[in-house]
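Student: Pasting in a structure now, in structure tokens, and then I'll have a few things to ask.
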Amino acid sequence: MKLTLQIWRQENTATSGHYETFEVDQLDSGMSILEMLDRLNEQLIHAGKESVQFESDCRESICGCCGLTVNGRPHGPQPHVTTCMQRLRMFTDGSTVRIEPLRSASFPVLRDLIVDRSPLDRIIAAGGHVAVPAGTAPDPEAMLIDHTHVERALDFAACIGCGACVAACPNGAAALFTGAKVTHLSMLPVPSVERKNRAEHMVATMEENFGPCSQYGECANVCPQEVPLTAIASLQKERLKSFFAARI
Ligand code: SF4
Ligand code: FES
């Protein structure tokens, strides 16, 4: 198949960007969007031109670093699928595809399709450490946890920090991400000493860097890990607990 690509090019954060148009031919519909960008870059390098900069690592929905905006949607047209797993069969042969970075005021463009998502790392850092007593491996029977409870905690722990939820939110909020990070820790019996302060510190850092949540729900619509919106309700609950615990 053949596609016309409109790709965002930007030298660095200080400069303004623009779209550049490329034609890519002889594509296989089973190729991913990233493989198509690899193909384009081969073409550009052979022609002695500057390749398009984008991020990728695992290419199997684990690392969260590949997020792009494809035809206006974070990650691409296929719901709940990371950019690296979006296949070209989603596009009509001969069509035009617009590819740009994840768009959010909190994610400045570093170059072309690469954005700085470190504000998400700052939220995690604000949560502090988790104190787990070192020593020999504990007897798995010593701390029984209900299987359903574990599965629910894993639903939240599945967040890969891709930032698509922020880019999809009209307010640029990071409530789904922060909720996922806070909730999976609060559901498991990791020492609760840090729990008292964790949500409050993480929410304060979130509010410094991101917009407010108005519960539009766009975040959950694009989340490749299908983190449920209940993460946001759970975040508010943990925050209130944290607030009162710190003042009693
Ligand atoms: S909550 Fe979903 S969309 Fe947001 S960072 Fe985590 S995995 Fe990505
Ligand atoms: S490259 Fe790792 S999630 Fe896409």
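Every chain in the structure tokens takes a letter, A first, then B, and so on in the order presented; its residues are numbered from 1, and the ligands are numbered from 1 following the presented order.
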Could you pull out the strand (DSSP E or B) residues of region 19-148 of chain A, going by DSSP on the backbone, and write them as a ChimeraX atom specification?
Tutor: /A:19-24,32,69-70,73-74,87,96-100,109-111,114-115
Student: For region 142-157 of chain A, work out the shell of residues within 8 Å, counting only C-alpha atoms and skipping chain neighbours fewer than 2 positions away, then give it as a list in words.
Tutor: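 Residues meeting the cut-off are Pro138, Asp139, Pro140, Cys159, Ala180, Lys181, Thr183, His184, Leu185, Met187, Leu188, Glu226, Val227, Pro228 and Ala231 of chain A.
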Student: Store the residues picked out above, limited to N, CA and C atoms, as a short mmCIF file (atom, residue, chain, number, x, y, z; two decimals), in the first residue's frame.
Tutor:
```
data_model
loop_
_atom_site.label_atom_id
_atom_site.label_comp_id
_atom_site.auth_asym_id
_atom_site.auth_seq_id
_atom_site.Cartn_x
_atom_site.Cartn_y
_atom_site.Cartn_z
N PRO A 138 9.81 -13.77 51.93
CA PRO A 138 8.78 -14.17 52.90
C PRO A 138 7.99 -15.37 52.42
N ASP A 139 7.45 -16.10 53.36
CA ASP A 139 6.58 -17.23 53.03
C ASP A 139 5.33 -16.68 52.33
N PRO A 140 5.05 -17.14 51.11
CA PRO A 140 3.90 -16.59 50.39
C PRO A 140 2.58 -16.77 51.13
N CYS A 159 -0.50 0.64 34.13
CA CYS A 159 -0.14 1.93 33.49
C CYS A 159 1.32 1.93 33.05
N ALA A 180 -3.75 5.88 38.78
CA ALA A 180 -3.26 4.50 38.58
C ALA A 180 -2.07 4.23 39.49
N LYS A 181 -1.15 5.20 39.56
CA LYS A 181 0.07 5.00 40.36
C LYS A 181 -0.25 4.93 41.85
N THR A 183 -3.23 4.21 43.24
CA THR A 183 -4.18 3.16 43.60
C THR A 183 -3.54 1.79 43.70
N HIS A 184 -2.65 1.44 42.77
CA HIS A 184 -2.12 0.07 42.87
C HIS A 184 -1.30 -0.12 44.14
N LEU A 185 -0.64 0.96 44.59
CA LEU A 185 0.13 0.84 45.84
C LEU A 185 -0.79 0.77 47.05
N MET A 187 -3.67 -0.51 47.26
CA MET A 187 -4.48 -1.73 47.35
C MET A 187 -3.72 -2.93 47.88
N LEU A 188 -2.40 -2.81 47.95
CA LEU A 188 -1.62 -3.96 48.39
C LEU A 188 -0.98 -3.68 49.75
N GLU A 226 -6.07 0.34 29.25
CA GLU A 226 -7.46 0.35 29.73
C GLU A 226 -7.54 0.55 31.25
N VAL A 227 -6.73 1.47 31.75
CA VAL A 227 -6.83 1.85 33.16
C VAL A 227 -8.22 2.46 33.36
N PRO A 228 -9.00 1.94 34.31
CA PRO A 228 -10.38 2.42 34.44
C PRO A 228 -10.46 3.80 35.08
N ALA A 231 -9.85 4.92 38.74
CA ALA A 231 -8.55 5.34 39.29
C ALA A 231 -8.64 6.78 39.79
#
```
Student: Let me see if you get this right: every residue at most 6 Å from ligand 1, counting only C-alpha atoms and all ligand atoms, written as JSON, numbers by chain.
Tutor: {"A": [159, 160, 161, 162, 163, 164, 165, 176, 177, 223, 224, 225, 227]}
Student: Would you export the selected residues with C-alpha atoms as a PDB file, in the first residue's frame, please?
Tutor:
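Ended up saving to out-v1.pdb:
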```pdb
ATOM      1  CA  CYS A 159      -0.145   1.930  33.485  1.00  0.00           C
ATOM      2  CA  ILE A 160       2.938   2.286  31.268  1.00  0.00           C
ATOM      3  CA  GLY A 161       3.309   6.055  31.682  1.00  0.00           C
ATOM      4  CA  CYS A 162       2.793   6.778  27.996  1.00  0.00           C
ATOM      5  CA  GLY A 163       1.088  10.143  28.597  1.00  0.00           C
ATOM      6  CA  ALA A 164      -1.729   9.559  26.082  1.00  0.00           C
ATOM      7  CA  CYS A 165      -4.304  10.317  28.795  1.00  0.00           C
ATOM      8  CA  LEU A 176      -5.766   8.970  35.339  1.00  0.00           C
ATOM      9  CA  PHE A 177      -1.998   8.440  35.419  1.00  0.00           C
ATOM     10  CA  CYS A 223      -5.498   4.524  27.442  1.00  0.00           C
ATOM     11  CA  PRO A 224      -3.728   1.533  25.863  1.00  0.00           C
ATOM     12  CA  GLN A 225      -3.753  -0.325  29.175  1.00  0.00           C
ATOM     13  CA  VAL A 227      -6.829   1.849  33.162  1.00  0.00           C
TER      14      VAL A 227
END
```
Student: Which residues sit within 8 Å of ligand 2, counting only C-alpha atoms and all ligand atoms, listed as a count of residues only?
Tutor: 19
Student: Could you give me, as a list of chain:residue names, the residues within 8 Å of region 37-52 of chain A, counting only C-alpha atoms and dropping anything in the same chain fewer than 3 positions from it?
Tutor: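 The residues that qualify are A:Arg9, A:Val24, A:Ile33, A:Leu34, A:Asp112, A:Leu113.
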Student: Let me see the file: selected residues, C-alpha atoms, as a compact mmCIF listing (two decimals), in the first residue's frame.
Tutor:
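In the end it all went to result02.txt:
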```txt
# COMPACT_ATOMS: atom_id res chain seq x y z
CA ARG A 9 9.08 18.59 12.11
CA VAL A 24 5.85 6.11 1.31
CA ILE A 33 3.19 2.79 12.34
CA LEU A 34 6.72 2.72 13.77
CA ASP A 112 10.09 16.29 15.70
CA LEU A 113 7.85 13.66 17.35
```
Student: If you count only C-alpha atoms, which residues fall within 12 Å of Val130 (chain A), apart from same-chain ones fewer than 3 positions away, as JSON, numbers by chain?
Tutor: {"A": [124, 125, 126, 127, 133, 134, 182, 185, 186, 188, 189, 190, 191, 192, 193, 194, 195, 196, 197, 198]}
Student: Go ahead and dump the residues you just picked, C-alpha atoms, as a PDB file, in the first residue's frame.
Tutor:
```
ATOM      1  CA  ILE A 124       6.159   9.341  40.723  1.00  0.00           C
ATOM      2  CA  ALA A 125       9.193  10.764  42.525  1.00  0.00           C
ATOM      3  CA  ALA A 126       6.867  12.791  44.759  1.00  0.00           C
ATOM      4  CA  GLY A 127       5.336   9.516  45.936  1.00  0.00           C
ATOM      5  CA  PRO A 133      11.652  -5.041  54.970  1.00  0.00           C
ATOM      6  CA  ALA A 134      14.699  -6.714  53.427  1.00  0.00           C
ATOM      7  CA  VAL A 182      -1.489   5.832  43.739  1.00  0.00           C
ATOM      8  CA  LEU A 185       0.129   0.837  45.837  1.00  0.00           C
ATOM      9  CA  SER A 186      -2.774   1.579  48.170  1.00  0.00           C
ATOM     10  CA  LEU A 188      -1.618  -3.962  48.389  1.00  0.00           C
ATOM     11  CA  PRO A 189      -0.199  -4.514  51.876  1.00  0.00           C
ATOM     12  CA  VAL A 190       3.058  -2.683  51.247  1.00  0.00           C
ATOM     13  CA  PRO A 191       3.968  -0.904  54.463  1.00  0.00           C
ATOM     14  CA  SER A 192       1.422   1.814  55.006  1.00  0.00           C
ATOM     15  CA  VAL A 193       3.826   4.293  56.623  1.00  0.00           C
ATOM     16  CA  GLU A 194       4.286   6.098  53.302  1.00  0.00           C
ATOM     17  CA  ARG A 195       0.635   5.800  52.386  1.00  0.00           C
ATOM     18  CA  LYS A 196      -0.245   8.672  54.730  1.00  0.00           C
ATOM     19  CA  ASN A 197       1.688  11.187  52.657  1.00  0.00           C
ATOM     20  CA  ARG A 198       1.904   9.563  49.266  1.00  0.00           C
TER      21      ARG A 198
END
```
Student: List as a list of chain:residue names the protein and nucleic acid residues near Asp93 (chain A), meaning an atom at most 10 Å away when only C-alpha atoms are counted, but skip any in the same chain fewer than 3 places from it.
Tutor: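 Contacts, with the query itself left out: A:Met1, A:Lys2, A:Leu3, A:Thr4, A:Asp25, A:Leu27, A:Ser29, A:Leu88, A:Arg89, A:Met90, A:Thr96.
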Student: For the residues selected in the previous step, produce a file with N, CA and C atoms as a PDB file, in the first residue's frame.
Tutor:
```pdb
ATOM      1  N   MET A   1       0.828  -1.199   0.000  1.00  0.00           N
ATOM      2  CA  MET A   1       0.000   0.000   0.000  1.00  0.00           C
ATOM      3  C   MET A   1       0.870   1.259   0.000  1.00  0.00           C
ATOM      4  N   LYS A   2       0.212   2.365  -0.334  1.00  0.00           N
ATOM      5  CA  LYS A   2       0.942   3.641  -0.417  1.00  0.00           C
ATOM      6  C   LYS A   2       0.235   4.656   0.478  1.00  0.00           C
ATOM      7  N   LEU A   3       1.018   5.424   1.236  1.00  0.00           N
ATOM      8  CA  LEU A   3       0.416   6.448   2.100  1.00  0.00           C
ATOM      9  C   LEU A   3       1.147   7.772   1.915  1.00  0.00           C
ATOM     10  N   THR A   4       0.385   8.840   2.057  1.00  0.00           N
ATOM     11  CA  THR A   4       0.997  10.171   2.111  1.00  0.00           C
ATOM     12  C   THR A   4       1.052  10.553   3.584  1.00  0.00           C
ATOM     13  N   ASP A  25       5.831   4.225  -0.184  1.00  0.00           N
ATOM     14  CA  ASP A  25       5.213   3.231  -1.077  1.00  0.00           C
ATOM     15  C   ASP A  25       5.604   1.815  -0.628  1.00  0.00           C
ATOM     16  N   LEU A  27       4.212  -0.442   1.169  1.00  0.00           N
ATOM     17  CA  LEU A  27       4.040  -0.761   2.584  1.00  0.00           C
ATOM     18  C   LEU A  27       3.160  -1.995   2.702  1.00  0.00           C
ATOM     19  N   SER A  29       0.314  -4.004   4.866  1.00  0.00           N
ATOM     20  CA  SER A  29      -0.734  -3.591   5.796  1.00  0.00           C
ATOM     21  C   SER A  29      -0.495  -4.137   7.206  1.00  0.00           C
ATOM     22  N   LEU A  88      -0.959  -0.747   9.891  1.00  0.00           N
ATOM     23  CA  LEU A  88      -1.336   0.099   8.754  1.00  0.00           C
ATOM     24  C   LEU A  88      -2.658  -0.314   8.125  1.00  0.00           C
ATOM     25  N   ARG A  89      -3.136  -1.514   8.443  1.00  0.00           N
ATOM     26  CA  ARG A  89      -4.419  -1.951   7.865  1.00  0.00           C
ATOM     27  C   ARG A  89      -5.563  -1.051   8.342  1.00  0.00           C
ATOM     28  N   MET A  90      -5.299  -0.236   9.363  1.00  0.00           N
ATOM     29  CA  MET A  90      -6.317   0.699   9.836  1.00  0.00           C
ATOM     30  C   MET A  90      -6.532   1.853   8.852  1.00  0.00           C
ATOM     31  N   THR A  96      -4.112   9.887   3.309  1.00  0.00           N
ATOM     32  CA  THR A  96      -3.124  10.759   3.952  1.00  0.00           C
ATOM     33  C   THR A  96      -3.218  10.569   5.464  1.00  0.00           C
TER      34      THR A  96
END
```
Student: Measuring atom to atom with only C-alpha atoms, identify which of A:Phe210, A:Tyr216, A:Phe107, A:Trp8 is nearest to Phe54 (chain A).
Tutor: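 Of the candidates, the smallest distance to Phe54 (chain A) is held by A:Trp8.
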Student: For Cys219 (chain A), please output as a PyMOL selection string all residues within 6 Å (counting only C-alpha atoms; exclusion window: fewer than 3 positions along the same chain).
Tutor: chain A and resi 165+168-169+222
Student: List the spatial neighbours of region 199-203 of chain A as a PyMOL selection string - criterion: any atom at most 9 Å away, only C-alpha atoms, same-chain residues fewer than 3 positions off excluded.
Tutor: chain A and resi 122-128+175+178-179+182+195-196+206-208+235-236+238-243
Student: Could you take the residues named above and write them with N, CA and C atoms, as a short mmCIF file (atom, residue, chain, number, x, y, z; two decimals), in the first residue's frame?
Tutor:
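The new file result-v2.cif reads:
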```cif
data_model
loop_
_atom_site.label_atom_id
_atom_site.label_comp_id
_atom_site.auth_asym_id
_atom_site.auth_seq_id
_atom_site.Cartn_x
_atom_site.Cartn_y
_atom_site.Cartn_z
N ARG A 122 8.12 13.22 37.67
CA ARG A 122 8.17 14.01 38.90
C ARG A 122 7.02 13.61 39.84
N ILE A 123 5.87 13.25 39.26
CA ILE A 123 4.74 12.81 40.09
C ILE A 123 5.13 11.52 40.83
N ILE A 124 5.76 10.61 40.10
CA ILE A 124 6.16 9.34 40.72
C ILE A 124 7.19 9.60 41.82
N ALA A 125 8.15 10.46 41.53
CA ALA A 125 9.19 10.76 42.52
C ALA A 125 8.58 11.37 43.78
N ALA A 126 7.51 12.16 43.59
CA ALA A 126 6.87 12.79 44.76
C ALA A 126 6.22 11.76 45.66
N GLY A 127 5.93 10.58 45.12
CA GLY A 127 5.34 9.52 45.94
C GLY A 127 6.33 8.90 46.90
N GLY A 128 7.59 9.18 46.70
CA GLY A 128 8.61 8.67 47.62
C GLY A 128 8.86 7.19 47.45
N ALA A 175 -4.78 13.08 35.85
CA ALA A 175 -5.46 12.41 36.97
C ALA A 175 -5.52 10.89 36.79
N THR A 178 -1.96 9.56 37.59
CA THR A 178 -1.64 9.65 39.02
C THR A 178 -2.53 8.68 39.81
N GLY A 179 -3.81 8.60 39.41
CA GLY A 179 -4.72 7.68 40.08
C GLY A 179 -4.23 6.25 39.97
N VAL A 182 -1.14 5.81 42.31
CA VAL A 182 -1.49 5.83 43.74
C VAL A 182 -2.30 4.59 44.11
N ARG A 195 1.95 5.58 52.98
CA ARG A 195 0.63 5.80 52.39
C ARG A 195 0.02 7.11 52.87
N LYS A 196 0.34 7.45 54.14
CA LYS A 196 -0.25 8.67 54.73
C LYS A 196 0.07 9.91 53.91
N MET A 206 1.28 16.83 40.82
CA MET A 206 0.43 16.76 39.62
C MET A 206 -0.17 18.14 39.34
N GLU A 207 -0.67 18.79 40.39
CA GLU A 207 -1.33 20.09 40.18
C GLU A 207 -0.36 21.19 39.77
N GLU A 208 0.91 21.02 40.15
CA GLU A 208 1.91 22.02 39.73
C GLU A 208 2.18 21.94 38.22
N LEU A 235 -8.16 8.05 43.52
CA LEU A 235 -7.15 9.07 43.83
C LEU A 235 -7.72 10.11 44.81
N GLN A 236 -8.96 10.53 44.54
CA GLN A 236 -9.59 11.52 45.42
C GLN A 236 -9.77 10.95 46.83
N GLU A 238 -7.98 8.54 48.28
CA GLU A 238 -6.67 8.44 48.92
C GLU A 238 -6.16 9.82 49.35
N ARG A 239 -6.47 10.80 48.54
CA ARG A 239 -6.02 12.16 48.86
C ARG A 239 -6.68 12.66 50.14
N LEU A 240 -8.00 12.41 50.25
CA LEU A 240 -8.71 12.82 51.46
C LEU A 240 -8.17 12.10 52.69
N LYS A 241 -7.94 10.81 52.54
CA LYS A 241 -7.39 10.02 53.65
C LYS A 241 -6.04 10.60 54.07
N SER A 242 -5.23 10.89 53.04
CA SER A 242 -3.90 11.41 53.25
C SER A 242 -3.98 12.77 53.98
N PHE A 243 -4.93 13.59 53.54
CA PHE A 243 -5.10 14.94 54.10
C PHE A 243 -5.43 14.84 55.60
#
```
Student: Kindly indicate which residue among A:Arg111, A:His75, A:His80, A:Arg103 lies nearest to Ala14 (chain A), using only C-alpha atoms for the distances.
Tutor: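 Looking only at the distances to Ala14 (chain A), the closest residue turns out to be A:Arg111.
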Student: How far is it from CA of Val166 (chain A) to CA of Phe244 (chain A), in Å with one decimal?
Tutor: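 Value for the CA of Val166 (chain A)-CA of Phe244 (chain A) distance: 28.3 Å.
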Student: Rounded to one decimal in Å, what is the spacing between CA of Ile114 (chain A) and CA of Phe91 (chain A)?
Tutor: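 These atoms are spaced 23.1 Å apart.
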